[in-house]
Every structure is written in structure tokens, then in C-alpha cells.
$ cat protein_28.txt   # compact mmCIF, C-alpha atoms
# COMPACT_ATOMS: atom_id res chain seq x y z
CA MET W 1 20.96 -8.72 -15.34
CA LYS W 2 20.35 -11.80 -13.19
CA ILE W 3 21.98 -13.62 -10.28
CA ASP W 4 23.62 -16.76 -11.70
CA SER W 5 24.72 -18.32 -8.49
CA ILE W 6 25.74 -17.90 -4.90
CA SER W 7 29.09 -19.65 -4.62
CA SER W 8 31.90 -20.29 -2.21
CA CYS W 9 35.53 -21.30 -2.59
CA PRO W 10 38.64 -21.31 -0.41
CA ILE W 11 40.02 -17.79 0.06
CA GLU W 12 43.23 -19.00 -1.64
CA GLU W 13 41.30 -19.47 -4.90
CA VAL W 14 39.62 -16.05 -5.32
CA SER W 15 42.37 -14.64 -7.55
CA THR W 16 40.92 -15.98 -10.82
CA LEU W 17 37.22 -15.16 -10.28
CA ILE W 18 37.25 -12.29 -12.79
CA GLY W 19 39.76 -13.75 -15.25
CA SER W 20 43.47 -14.36 -15.53
CA ASP W 21 45.01 -13.39 -12.20
CA ASP W 22 48.14 -11.65 -13.45
CA GLU W 23 46.60 -9.70 -16.31
CA PRO W 24 45.40 -6.15 -15.67
CA ALA W 25 41.63 -5.99 -15.27
CA CYS W 26 39.36 -2.97 -15.22
CA VAL W 27 36.92 -2.85 -12.35
CA CYS W 28 34.37 -0.51 -10.87
CA ILE W 29 33.90 -1.07 -7.16
CA MET W 30 30.94 0.10 -5.16
CA GLY W 31 30.28 -0.29 -1.46
CA MET W 32 27.05 -1.70 -0.03
CA GLU W 33 25.87 -0.22 3.23
CA GLY W 34 22.75 -0.54 5.38
CA THR W 35 21.23 -3.81 6.64
CA LEU W 36 23.95 -5.73 4.83
CA THR W 37 27.44 -4.43 4.08
CA GLY W 38 30.05 -5.41 1.52
CA LEU W 39 31.30 -4.66 -1.97
CA MET W 40 30.10 -4.98 -5.52
CA VAL W 41 32.71 -5.52 -8.22
CA LEU W 42 32.03 -4.99 -11.93
CA ALA W 43 34.95 -6.32 -13.99
CA PHE W 44 35.58 -6.09 -17.72
CA ASP W 45 38.46 -6.04 -20.17
CA ASP W 46 39.72 -2.85 -21.81
CA THR W 47 37.86 -3.48 -25.07
CA SER W 48 34.45 -4.09 -23.46
CA GLY W 49 34.79 -1.13 -21.11
CA LEU W 50 35.86 1.29 -23.82
CA MET W 51 33.02 0.06 -26.05
CA VAL W 52 30.51 0.97 -23.33
CA SER W 53 32.12 4.36 -23.05
CA ASP W 54 31.77 4.88 -26.82
CA LEU W 55 28.15 3.78 -26.66
CA LEU W 56 27.33 6.24 -23.87
CA GLN W 57 29.07 9.07 -25.70
CA GLY W 58 27.25 8.27 -28.95
CA GLN W 59 30.54 7.48 -30.67
CA THR W 60 31.39 4.72 -33.13
CA SER W 61 32.57 1.62 -31.30
CA GLY W 62 36.37 1.59 -31.19
CA THR W 63 36.75 5.37 -31.03
CA SER W 64 38.07 5.35 -27.43
CA SER W 65 41.44 3.67 -27.00
CA VAL W 66 42.70 4.86 -23.61
CA TRP W 67 41.19 5.33 -20.15
CA GLY W 68 40.81 9.08 -19.93
CA GLU W 69 38.56 11.00 -17.56
CA ILE W 70 35.47 10.71 -19.80
CA GLU W 71 35.95 6.98 -20.39
CA ARG W 72 36.30 6.33 -16.65
CA SER W 73 33.32 8.52 -15.92
CA SER W 74 31.23 6.55 -18.43
CA VAL W 75 31.91 3.15 -16.87
CA LEU W 76 31.49 4.57 -13.37
CA GLU W 77 28.06 5.83 -14.37
CA THR W 78 27.27 2.38 -15.76
CA MET W 79 28.31 0.85 -12.44
CA ASN W 80 26.26 3.42 -10.57
CA ILE W 81 23.14 2.47 -12.53
CA ALA W 82 23.76 -1.30 -12.49
CA GLY W 83 24.84 -1.44 -8.85
CA SER W 84 22.00 0.70 -7.59
CA ALA W 85 19.42 -1.27 -9.60
CA TYR W 86 20.87 -4.53 -8.32
CA LEU W 87 20.74 -3.42 -4.69
CA ASN W 88 17.21 -2.06 -5.10
CA GLY W 89 16.16 -5.40 -6.59
CA ILE W 90 17.65 -7.41 -3.73
CA SER W 91 16.34 -4.99 -1.12
CA ASN W 92 12.76 -5.13 -2.48
CA GLU W 93 12.80 -8.91 -2.85
CA LEU W 94 14.18 -9.57 0.63
CA SER W 95 11.87 -6.98 2.22
CA ASP W 96 8.79 -8.47 0.55
CA ARG W 97 9.66 -12.03 1.41
CA THR W 98 10.63 -11.38 5.04
CA SER W 99 7.95 -8.75 5.76
CA SER W 100 10.66 -6.47 7.14
CA THR W 101 12.66 -3.52 5.91
CA ILE W 102 15.95 -4.51 4.31
CA GLU W 103 17.74 -1.31 3.40
CA LEU W 104 20.74 -1.54 1.05
CA ILE W 105 22.51 1.70 0.17
CA PRO W 106 25.14 1.97 -2.58
CA SER W 107 28.23 4.15 -2.10
CA PRO W 108 29.90 6.12 -4.93
CA PRO W 109 31.85 3.78 -7.23
CA ILE W 110 35.59 3.91 -7.88
CA PHE W 111 37.49 2.79 -11.00
CA LEU W 112 40.65 0.68 -10.89
CA ARG W 113 42.84 -0.85 -13.56
CA ASP W 114 45.12 -3.29 -11.80
CA TYR W 115 46.09 -6.95 -11.50
CA ALA W 116 42.93 -9.03 -11.09
CA ALA W 117 44.48 -10.98 -8.22
CA SER W 118 45.45 -7.83 -6.33
CA ILE W 119 41.93 -6.45 -6.64
CA LEU W 120 40.21 -9.64 -5.52
CA GLN W 121 42.53 -10.27 -2.57
CA SER W 122 41.59 -6.85 -1.28
CA ALA W 123 37.89 -7.28 -2.11
CA PHE W 124 37.71 -10.50 -0.07
CA LEU W 125 39.92 -9.20 2.74
CA ASP W 126 37.08 -8.83 5.24
CA GLN W 127 36.00 -12.43 4.67
CA ALA W 128 39.64 -13.56 4.91
CA ILE W 129 39.93 -11.99 8.36
CA SER W 130 37.04 -14.10 9.66
CA GLY W 131 37.45 -17.41 7.91
CA THR W 132 38.86 -19.56 5.19
CA GLN W 133 35.96 -19.55 2.69
CA ALA W 134 35.02 -16.84 0.19
CA VAL W 135 31.30 -16.39 -0.46
CA TYR W 136 29.97 -14.33 -3.35
CA ALA W 137 27.04 -13.92 -5.72
CA GLY W 138 27.78 -13.95 -9.44
CA VAL W 139 25.67 -11.98 -11.88
CA SER W 140 25.50 -12.22 -15.67
CA PHE W 141 24.50 -9.51 -18.13
CA GLU W 142 22.71 -9.69 -21.43
CA LEU W 143 22.15 -7.00 -24.03
CA LYS W 144 19.21 -7.79 -26.32
CA GLY W 145 19.63 -11.50 -25.62
CA CYS W 146 23.40 -11.55 -26.15
CA PRO W 147 25.64 -12.31 -23.16
CA LEU W 148 28.15 -9.57 -22.25
CA SER W 149 31.68 -10.44 -21.17
CA TRP W 150 31.35 -8.61 -17.86
CA LYS W 151 31.76 -10.15 -14.44
CA PHE W 152 29.76 -8.78 -11.54
CA LEU W 153 30.33 -10.03 -8.01
CA LEU W 154 28.52 -9.15 -4.80
CA ILE W 155 30.87 -9.78 -1.89
CA PRO W 156 29.21 -9.46 1.52
CA ASP W 157 31.33 -8.62 4.58
CA ALA W 158 31.84 -11.48 7.02
CA SER W 159 29.36 -9.98 9.51
CA SER W 160 26.72 -9.73 6.77
CA LEU W 161 27.08 -13.40 5.84
CA THR W 162 25.57 -14.40 9.18
CA LYS W 163 22.86 -11.73 8.87
CA LEU W 164 22.10 -12.83 5.30
CA SER W 165 21.79 -16.43 6.42
CA GLU W 166 19.26 -15.37 9.08
CA ILE W 167 17.30 -13.32 6.53
CA LEU W 168 17.19 -16.20 4.04
CA THR W 169 16.04 -18.60 6.78
CA ASN W 170 13.11 -16.27 7.57
CA MET W 171 12.01 -15.87 3.97
CA ASN W 172 8.46 -16.80 2.98
CA MET N 1 68.15 2.24 -19.46
CA ASP N 2 66.15 -0.99 -19.99
CA SER N 3 63.53 -1.94 -17.42
CA PRO N 4 64.60 -4.87 -15.23
CA SER N 5 63.14 -8.23 -16.24
CA PHE N 6 64.04 -11.90 -16.05
CA SER N 7 65.17 -13.82 -19.14
CA LYS N 8 62.86 -16.13 -21.07
CA SER N 9 64.84 -19.22 -20.03
CA ASN N 10 64.24 -18.35 -16.38
CA ARG N 11 60.54 -17.85 -17.04
CA GLN N 12 60.26 -21.52 -17.92
CA LEU N 13 61.11 -22.28 -14.30
CA GLU N 14 58.49 -19.93 -12.88
CA ARG N 15 56.50 -21.03 -9.87
CA LYS N 16 53.45 -19.05 -8.82
CA VAL N 17 53.08 -18.46 -5.07
CA GLY N 18 49.38 -18.22 -4.30
CA ILE N 19 47.52 -16.61 -1.43
CA ALA N 20 48.78 -17.94 1.93
CA GLU N 21 51.28 -20.19 0.16
CA ILE N 22 54.95 -20.78 1.04
CA VAL N 23 57.45 -22.03 -1.54
CA VAL N 24 61.20 -22.66 -1.14
CA VAL N 25 63.51 -23.64 -4.00
CA ARG N 26 67.24 -24.01 -4.55
CA ASN N 27 69.68 -23.06 -7.33
CA GLU N 28 67.31 -21.79 -9.99
CA GLY N 29 63.77 -20.71 -10.76
CA ILE N 30 61.53 -17.70 -10.44
CA LEU N 31 59.07 -17.38 -7.58
CA ARG N 32 56.27 -15.01 -8.44
CA THR N 33 53.27 -13.65 -6.55
CA LEU N 34 50.56 -11.02 -6.97
CA LEU N 35 49.83 -8.66 -4.11
CA GLY N 36 47.20 -6.18 -3.04
CA SER N 37 46.96 -5.49 0.68
CA CYS N 38 48.89 -8.73 1.30
CA ILE N 39 52.65 -8.79 1.86
CA GLY N 40 55.05 -10.82 -0.25
CA ILE N 41 58.24 -11.73 1.55
CA ALA N 42 61.24 -13.10 -0.32
CA LEU N 43 64.00 -14.64 1.79
CA TYR N 44 67.33 -15.48 0.19
CA ASP N 45 70.65 -17.07 1.05
CA GLN N 46 73.31 -16.12 -1.49
CA ARG N 47 75.78 -18.81 -0.32
CA THR N 48 73.51 -21.77 -1.06
CA ARG N 49 71.39 -19.96 -3.69
CA THR N 50 68.26 -20.90 -1.78
CA GLY N 51 65.21 -18.67 -2.00
CA GLY N 52 61.77 -18.75 -0.45
CA MET N 53 58.62 -16.73 -0.80
CA ALA N 54 55.51 -16.39 1.35
CA HIS N 55 52.28 -14.59 0.52
CA ILE N 56 51.00 -13.21 3.83
CA VAL N 57 47.36 -12.13 4.17
CA LEU N 58 47.03 -11.04 7.80
CA PRO N 59 49.40 -9.95 10.58
CA ARG N 60 48.51 -12.30 13.44
CA SER N 61 47.18 -15.85 13.67
CA ASN N 62 45.69 -15.46 17.17
CA GLY N 63 46.02 -19.20 17.67
CA VAL N 64 44.54 -20.18 14.29
CA SER N 65 47.28 -21.31 11.96
CA ASP N 66 45.46 -23.01 9.11
CA PRO N 67 46.75 -22.34 6.54
CA ILE N 68 50.10 -21.63 8.14
CA GLY N 69 51.15 -19.24 5.35
CA LYS N 70 48.19 -16.90 5.87
CA TYR N 71 49.57 -15.05 8.91
CA ALA N 72 52.86 -13.18 9.35
CA ASP N 73 53.59 -14.74 12.75
CA THR N 74 53.23 -18.30 11.43
CA ALA N 75 54.38 -17.89 7.82
CA ILE N 76 57.76 -16.30 8.49
CA PRO N 77 59.00 -18.93 11.00
CA GLU N 78 57.71 -21.67 8.65
CA LEU N 79 59.49 -20.12 5.66
CA ILE N 80 62.75 -19.87 7.60
CA GLY N 81 62.29 -23.44 8.89
CA GLN N 82 61.88 -24.79 5.37
CA MET N 83 65.05 -22.99 4.25
CA ILE N 84 67.00 -24.34 7.24
CA GLN N 85 65.86 -27.85 6.29
CA LEU N 86 67.61 -27.29 2.95
CA GLY N 87 70.86 -26.50 4.77
CA VAL N 88 70.58 -22.71 5.05
CA LYS N 89 71.98 -20.97 8.13
CA SER N 90 69.52 -18.36 9.36
CA SER N 91 72.34 -15.85 9.87
CA TYR N 92 72.91 -15.78 6.09
CA ILE N 93 69.30 -14.98 5.18
CA SER N 94 68.23 -11.55 3.97
CA ALA N 95 64.71 -10.36 3.13
CA LYS N 96 62.93 -8.28 0.53
CA ILE N 97 59.30 -7.33 0.96
CA ALA N 98 56.52 -5.86 -1.18
CA GLY N 99 52.77 -5.20 -0.96
CA GLY N 100 50.60 -3.75 1.79
CA ALA N 101 48.63 -1.51 -0.59
CA ASN N 102 45.44 0.29 0.31
CA MET N 103 43.59 -0.65 -2.89
CA PHE N 104 40.11 0.72 -2.15
CA ALA N 105 41.04 3.51 0.25
CA THR N 106 38.86 2.18 3.06
CA LYS N 107 39.82 2.34 6.73
CA THR N 108 39.86 -1.46 7.13
CA GLN N 109 42.11 -1.97 4.14
CA ARG N 110 44.56 0.69 5.24
CA SER N 111 44.63 -0.78 8.69
CA ILE N 112 45.31 -4.32 7.44
CA GLY N 113 47.97 -3.31 4.89
CA ASP N 114 49.76 -1.23 7.52
CA GLN N 115 49.39 -3.92 10.20
CA ASN N 116 50.81 -6.52 7.83
CA LEU N 117 53.81 -4.34 7.16
CA VAL N 118 54.42 -3.58 10.84
CA ALA N 119 54.09 -7.26 11.79
CA VAL N 120 56.52 -8.40 9.08
CA ASN N 121 59.07 -5.71 9.96
CA GLU N 122 58.87 -6.53 13.69
CA LEU N 123 59.22 -10.27 13.15
CA LEU N 124 62.19 -9.91 10.83
CA GLN N 125 63.84 -7.58 13.34
CA GLN N 126 63.25 -10.07 16.18
CA LEU N 127 64.73 -12.84 14.06
CA MET N 128 67.66 -10.58 13.10
CA ILE N 129 66.99 -10.92 9.38
CA PRO N 130 68.01 -7.75 7.53
CA ILE N 131 65.61 -6.21 5.01
CA SER N 132 67.64 -5.35 1.92
CA GLY N 133 64.75 -4.14 -0.25
CA SER N 134 61.20 -2.94 0.15
CA HIS N 135 58.38 -1.75 -2.11
CA CYS N 136 55.30 -1.29 0.06
CA GLY N 137 52.20 0.86 0.59
CA GLY N 138 50.43 3.03 -1.97
CA THR N 139 47.14 2.24 -3.67
CA GLN N 140 48.14 -0.18 -6.43
CA GLY N 141 48.67 -3.91 -6.67
CA ARG N 142 52.07 -5.44 -7.35
CA ARG N 143 53.61 -8.42 -9.10
CA MET N 144 56.71 -9.56 -7.21
CA ALA N 145 59.25 -11.99 -8.63
CA LEU N 146 62.36 -13.52 -7.02
CA ASN N 147 65.10 -14.96 -9.22
CA VAL N 148 66.57 -17.76 -7.11
CA SER N 149 69.75 -17.94 -9.20
CA THR N 150 70.72 -14.40 -8.27
CA GLY N 151 68.52 -13.23 -5.39
CA GLU N 152 67.26 -10.41 -7.56
CA VAL N 153 63.69 -9.24 -6.85
CA ILE N 154 61.64 -7.31 -9.43
CA VAL N 155 58.39 -5.55 -8.60
CA GLU N 156 55.89 -4.57 -11.28
CA VAL N 157 53.00 -2.13 -10.96
CA VAL N 158 50.40 -1.73 -13.73
CA GLY N 159 51.21 1.35 -15.82
CA GLN N 160 54.73 1.76 -14.42
CA SER N 161 58.17 0.45 -15.33
CA PRO N 162 59.32 -2.60 -13.33
CA VAL N 163 61.74 -1.84 -10.50
CA ARG N 164 64.52 -3.89 -8.94
CA ILE N 165 64.52 -3.78 -5.14
$ encode --input "protein_28.txt" --output "C-alpha cells"
Amino acid sequence: MKIDSISSCPIEEVSTLIGSDDEPACVCIMGMEGTLTGLMVLAFDDTSGLMVSDLLQGQTSGTSSVWGEIERSSVLETMNIAGSAYLNGISNELSDRTSSTIELIPSPPIFLRDYAASILQSAFLDQAISGTQAVYAGVSFELKGCPLSWKFLLIPDASSLTKLSEILTNMN
Amino acid sequence: MDSPSFSKSNRQLERKVGIAEIVVVRNEGILRTLLGSCIGIALYDQRTRTGGMAHIVLPRSNGVSDPIGKYADTAIPELIGQMIQLGVKSSYISAKIAGGANMFATKTQRSIGDQNLVAVNELLQQLMIPISGSHCGGTQGRRMALNVSTGEVIVEVVGQSPVRI
């Protein structure tokens, strides 16, 4: 898991960041609280998500075909682990390099299966209130050297963008 | 009963209405938008078969109107203005609205979705434009499509049958 890029685009263009805008996407969403606030979005298609669920349940890949309670719980747990590890990593790095305490606390994740555009409009709503640009960090995943078709976005709130800029300016 | 949908020939004339965008067309075509907490407003004049759609993100511009379609208080007058330029009389316009969901169940989202809905309702009332259909609120996104040939509006929600409003 590594940060690919920190990017920006006009708010009007966020709809396609996790794939085709009018196709249903599966996402796990987790809040970020503490020194910086915002959202983390883990997006994947049905096949990839259900494969992870099978893997966690020790089942043959392709066994799960619908999003039941166990399947949702499996991907939520994956998000919990990935999101928490990601925030810990950022928190430790920023704390070390600014010689201050940067505390980032994850909130319990939620699962949604909805239009990608609808999800992203809502995820970037706080930034849309304050300006015209969307700012986000993109993360890629690999499993034993093979890229996974997951999309992970960190979307800071508008107030945290200013704070983040100050933190980055003060980094060693 | 079959779920409502538009024919394949109409789909060839589809025009996507993006975030904060305003589109007005005449005679034929499908205007389509995807909504979360935003509000989609479809205005229609049956006499001239002129339809317009705006994708509104926030309720008030507070003096900032760029892009003009982002805010209810700037988008709706602009949408009506563009229809009038095509020969529509404002007294013949009716409205259908969708969106305003609370996707992530946070206080901010609920507040914005609700505020969008209130702002759109108030503005349409002030402008004496009747609302003939509405599909708003809840926790799921929506795909809204206006058939300009007929004025018909179909709203789709993932996992549910499409509905005509």
C-alpha cells in the first residue's frame, strides 16, 4: 500500500475518480478525525470485493455471489485494517518530520453500493462548500507484487487542507 | 407491470448533466444526471417541448456565482432564463426534483441535503413554478433522466425498480 499521488481537479470532475460514474460501485468509507479531518474511501467492483470476502472466509474464490452480512463484514474489516494502518503511517511520518504530535483517529467504516458519482459528490461535499477544487491522495495496492484493482482515496475536509499545508511547510 | 424506461432510440440522444451544469434542449433528447446530496431539477414546458436540467450542489451562492449552476439561487434563475431565450413563457414551466440524499449519515451531509431541498422548494414557490414530481431524501444516490419529447422523468436507485415521477 503506497501513496501514488496527491492530486487536484475541479469539483465538477470528481465523479469518475473511482471508475465509471453511472455504474454501481462498492465502497467502504471511514472518517478521519483528530489533527486532520476528512474521509477515506476504498472502492472496488463486485468481483474484487467478493473475492476478498472469500479469501477472508477461507472459501474458494467465486463462492460468494451476493453482498450478504458476512460479505459486507469482511470488506469492512479489510477497510478497518487498511484505513487504520494508513492513518497510523501518515501520523507517524508527519509527527516524526515535524517534531510534533499529529494524531489521526479512524472512525468505524460503513459499506455502500451505489452510483460512483453519487458517492463521490457526497465525499467531496465539504471541499465543494469552500471552493472549486477537489484535493485528494490516491493510494495503490499490491498483493505479492501484483496490482489490485482497488481505488483508495484520502479526502481531507476543507479546513484540514490549510492545516495540512502548514504541516507540510514545517516538515524537516 | 414493466419498470419505466426510455427507448433505445431516445438513448442515442442522451446528454449527461454534470455537477453544477445547466443544459436546456428542445423537441427531443434525454437529459440525465447522477445525484447524491445534490439536487437535480428538471424544468419543462409541454407547449414548446422544451426541457432543462440543473445539477445543484449547494443552496446559496453568498455572492460567489462561479460556476453559476452550483448554487440553487443562481442555477434556477439561469435555467429559467435559458428556457425563456428559447421562447418559453415562464408561466408554462413546471418542475420535477430529485436528490438531497444523506449518503454517509453525517450531520453536515444531512444539513446540506435538507438545505438544498428547502432552497429549491422556496425558490420555485417564489417564482410560481409548480412542482409536479419529487423523489428526494433518503440515504441512496439517484440517477435522474428527463425525456424532453414527453416531459417524463424517471428516477433510478441502485437495487430498486425505476420510478416515474
$ atom_distance --input "protein_28.txt" --atom1 "CA of Met30 in chain W" --atom2 "CA of Gln127 in chain W"
16.7 Å
$ residues_near_point --input "protein_28.txt" --point "(33.4, 7.5, -18.8)" --cutoff "12 Å" --atoms "only C-alpha atoms" --output "PDB file with C-alpha atoms, keeping the file's coordinate frame"
ATOM      1  CA  CYS W  28      34.370  -0.510 -10.870  1.00  0.00           C
ATOM      2  CA  GLY W  49      34.790  -1.130 -21.110  1.00  0.00           C
ATOM      3  CA  LEU W  50      35.860   1.290 -23.820  1.00  0.00           C
ATOM      4  CA  MET W  51      33.020   0.060 -26.050  1.00  0.00           C
ATOM      5  CA  VAL W  52      30.510   0.970 -23.330  1.00  0.00           C
ATOM      6  CA  SER W  53      32.120   4.360 -23.050  1.00  0.00           C
ATOM      7  CA  ASP W  54      31.770   4.880 -26.820  1.00  0.00           C
ATOM      8  CA  LEU W  55      28.150   3.780 -26.660  1.00  0.00           C
ATOM      9  CA  LEU W  56      27.330   6.240 -23.870  1.00  0.00           C
ATOM     10  CA  GLN W  57      29.070   9.070 -25.700  1.00  0.00           C
ATOM     11  CA  GLY W  58      27.250   8.270 -28.950  1.00  0.00           C
ATOM     12  CA  SER W  64      38.070   5.350 -27.430  1.00  0.00           C
ATOM     13  CA  VAL W  66      42.700   4.860 -23.610  1.00  0.00           C
ATOM     14  CA  TRP W  67      41.190   5.330 -20.150  1.00  0.00           C
ATOM     15  CA  GLY W  68      40.810   9.080 -19.930  1.00  0.00           C
ATOM     16  CA  GLU W  69      38.560  11.000 -17.560  1.00  0.00           C
ATOM     17  CA  ILE W  70      35.470  10.710 -19.800  1.00  0.00           C
ATOM     18  CA  GLU W  71      35.950   6.980 -20.390  1.00  0.00           C
ATOM     19  CA  ARG W  72      36.300   6.330 -16.650  1.00  0.00           C
ATOM     20  CA  SER W  73      33.320   8.520 -15.920  1.00  0.00           C
ATOM     21  CA  SER W  74      31.230   6.550 -18.430  1.00  0.00           C
ATOM     22  CA  VAL W  75      31.910   3.150 -16.870  1.00  0.00           C
ATOM     23  CA  LEU W  76      31.490   4.570 -13.370  1.00  0.00           C
ATOM     24  CA  GLU W  77      28.060   5.830 -14.370  1.00  0.00           C
ATOM     25  CA  THR W  78      27.270   2.380 -15.760  1.00  0.00           C
ATOM     26  CA  MET W  79      28.310   0.850 -12.440  1.00  0.00           C
ATOM     27  CA  ASN W  80      26.260   3.420 -10.570  1.00  0.00           C
ATOM     28  CA  ILE W 110      35.590   3.910  -7.880  1.00  0.00           C
ATOM     29  CA  PHE W 111      37.490   2.790 -11.000  1.00  0.00           C
TER      30      PHE W 111
END
$ residues_around --input "protein_28.txt" --residues "range 114-126 of chain N" --least-positions-apart "5" --cutoff "9 Å" --atoms "only C-alpha atoms" --output "list in words"
Ser37, Cys38, Ile39, Ile41, Ile56, Val57, Leu58, Pro59, Arg60, Tyr71, Ala72, Asp73, Ile76, Pro77, Ala95, Ile97, Ala98, Gly99, Gly100, Ala101, Asn102, Gln109, Ile131, Cys136 and Gly137 of chain N
$ write_last_selection --input "protein_28.txt" --atoms "C-alpha atoms" --output "mmCIF file, in the frame of the given file"
data_model
loop_
_atom_site.group_PDB
_atom_site.id
_atom_site.type_symbol
_atom_site.label_atom_id
_atom_site.label_comp_id
_atom_site.auth_asym_id
_atom_site.auth_seq_id
_atom_site.Cartn_x
_atom_site.Cartn_y
_atom_site.Cartn_z
ATOM 1 C CA SER N 37 46.960 -5.490 0.680
ATOM 2 C CA CYS N 38 48.890 -8.730 1.300
ATOM 3 C CA ILE N 39 52.650 -8.790 1.860
ATOM 4 C CA ILE N 41 58.240 -11.730 1.550
ATOM 5 C CA ILE N 56 51.000 -13.210 3.830
ATOM 6 C CA VAL N 57 47.360 -12.130 4.170
ATOM 7 C CA LEU N 58 47.030 -11.040 7.800
ATOM 8 C CA PRO N 59 49.400 -9.950 10.580
ATOM 9 C CA ARG N 60 48.510 -12.300 13.440
ATOM 10 C CA TYR N 71 49.570 -15.050 8.910
ATOM 11 C CA ALA N 72 52.860 -13.180 9.350
ATOM 12 C CA ASP N 73 53.590 -14.740 12.750
ATOM 13 C CA ILE N 76 57.760 -16.300 8.490
ATOM 14 C CA PRO N 77 59.000 -18.930 11.000
ATOM 15 C CA ALA N 95 64.710 -10.360 3.130
ATOM 16 C CA ILE N 97 59.300 -7.330 0.960
ATOM 17 C CA ALA N 98 56.520 -5.860 -1.180
ATOM 18 C CA GLY N 99 52.770 -5.200 -0.960
ATOM 19 C CA GLY N 100 50.600 -3.750 1.790
ATOM 20 C CA ALA N 101 48.630 -1.510 -0.590
ATOM 21 C CA ASN N 102 45.440 0.290 0.310
ATOM 22 C CA GLN N 109 42.110 -1.970 4.140
ATOM 23 C CA ILE N 131 65.610 -6.210 5.010
ATOM 24 C CA CYS N 136 55.300 -1.290 0.060
ATOM 25 C CA GLY N 137 52.200 0.860 0.590
#
$ closest_atom_pairs --input "protein_28.txt" --of "chain W" --to "chain N" --cutoff "6 Å" --atoms "only C-alpha atoms" --output "tab-separated table"
residue	atom	partner	partner_atom	distance
W:Glu12	CA	N:Ile19	CA	4.9
W:Asp114	CA	N:Val158	CA	5.8
W:Ser118	CA	N:Gly36	CA	4.1
W:Ser122	CA	N:Ser37	CA	5.9
$ closest_residue --input "protein_28.txt" --among "W:Leu87, W:Val14, W:Val27, W:Ala137" --to "Ser107 in chain W" --atoms "all atoms listed in the file"
W:Leu87
$ residues_around --input "protein_28.txt" --residues "Asp22 in chain W" --least-positions-apart "3" --cutoff "7 Å" --atoms "only C-alpha atoms" --output "list in words"
Tyr115, Ala116 and Ala117 of chain W; Leu34 of chain N
$ closest_residue --input "protein_28.txt" --among "W:Ile155, W:Ala43, W:Ile29, W:Leu36" --to "Leu104 in chain W" --atoms "all atoms listed in the file"
W:Leu36
$ atom_distance --input "protein_28.txt" --atom1 "CA of Thr101 in chain W" --atom2 "CA of Ser5 in chain W"
23.9 Å
$ closest_residue --input "protein_28.txt" --among "W:Phe152, W:Gly62, W:Phe124, W:Leu39" --to "Pro109 in chain W" --atoms "only C-alpha atoms"
W:Leu39
$ atom_distance --input "protein_28.txt" --atom1 "CA of Glu13 in chain W" --atom2 "CA of Lys163 in chain W"
24.3 Å
$ closest_residue --input "protein_28.txt" --among "W:Leu168, W:Gly19, W:Ala25, W:Ser140" --to "Tyr86 in chain W" --atoms "all atoms listed in the file"
W:Ser140
$ closest_residue --input "protein_28.txt" --among "N:Ala75, N:Val163, N:Ile22, N:Gly29" --to "Ser134 in chain N" --atoms "only C-alpha atoms"
N:Val163
$ closest_residue --input "protein_28.txt" --among "W:Ile11, W:Ile81, W:Leu125, W:Leu153" --to "Val41 in chain W" --atoms "all atoms listed in the file"
W:Leu153
$ residues_around --input "protein_28.txt" --residues "Asn92 in chain W" --least-positions-apart "3" --cutoff "9 Å" --atoms "all atoms listed in the file" --output "VMD selection string"
chain W and resid 87 to 89 95 to 97 101 to 103
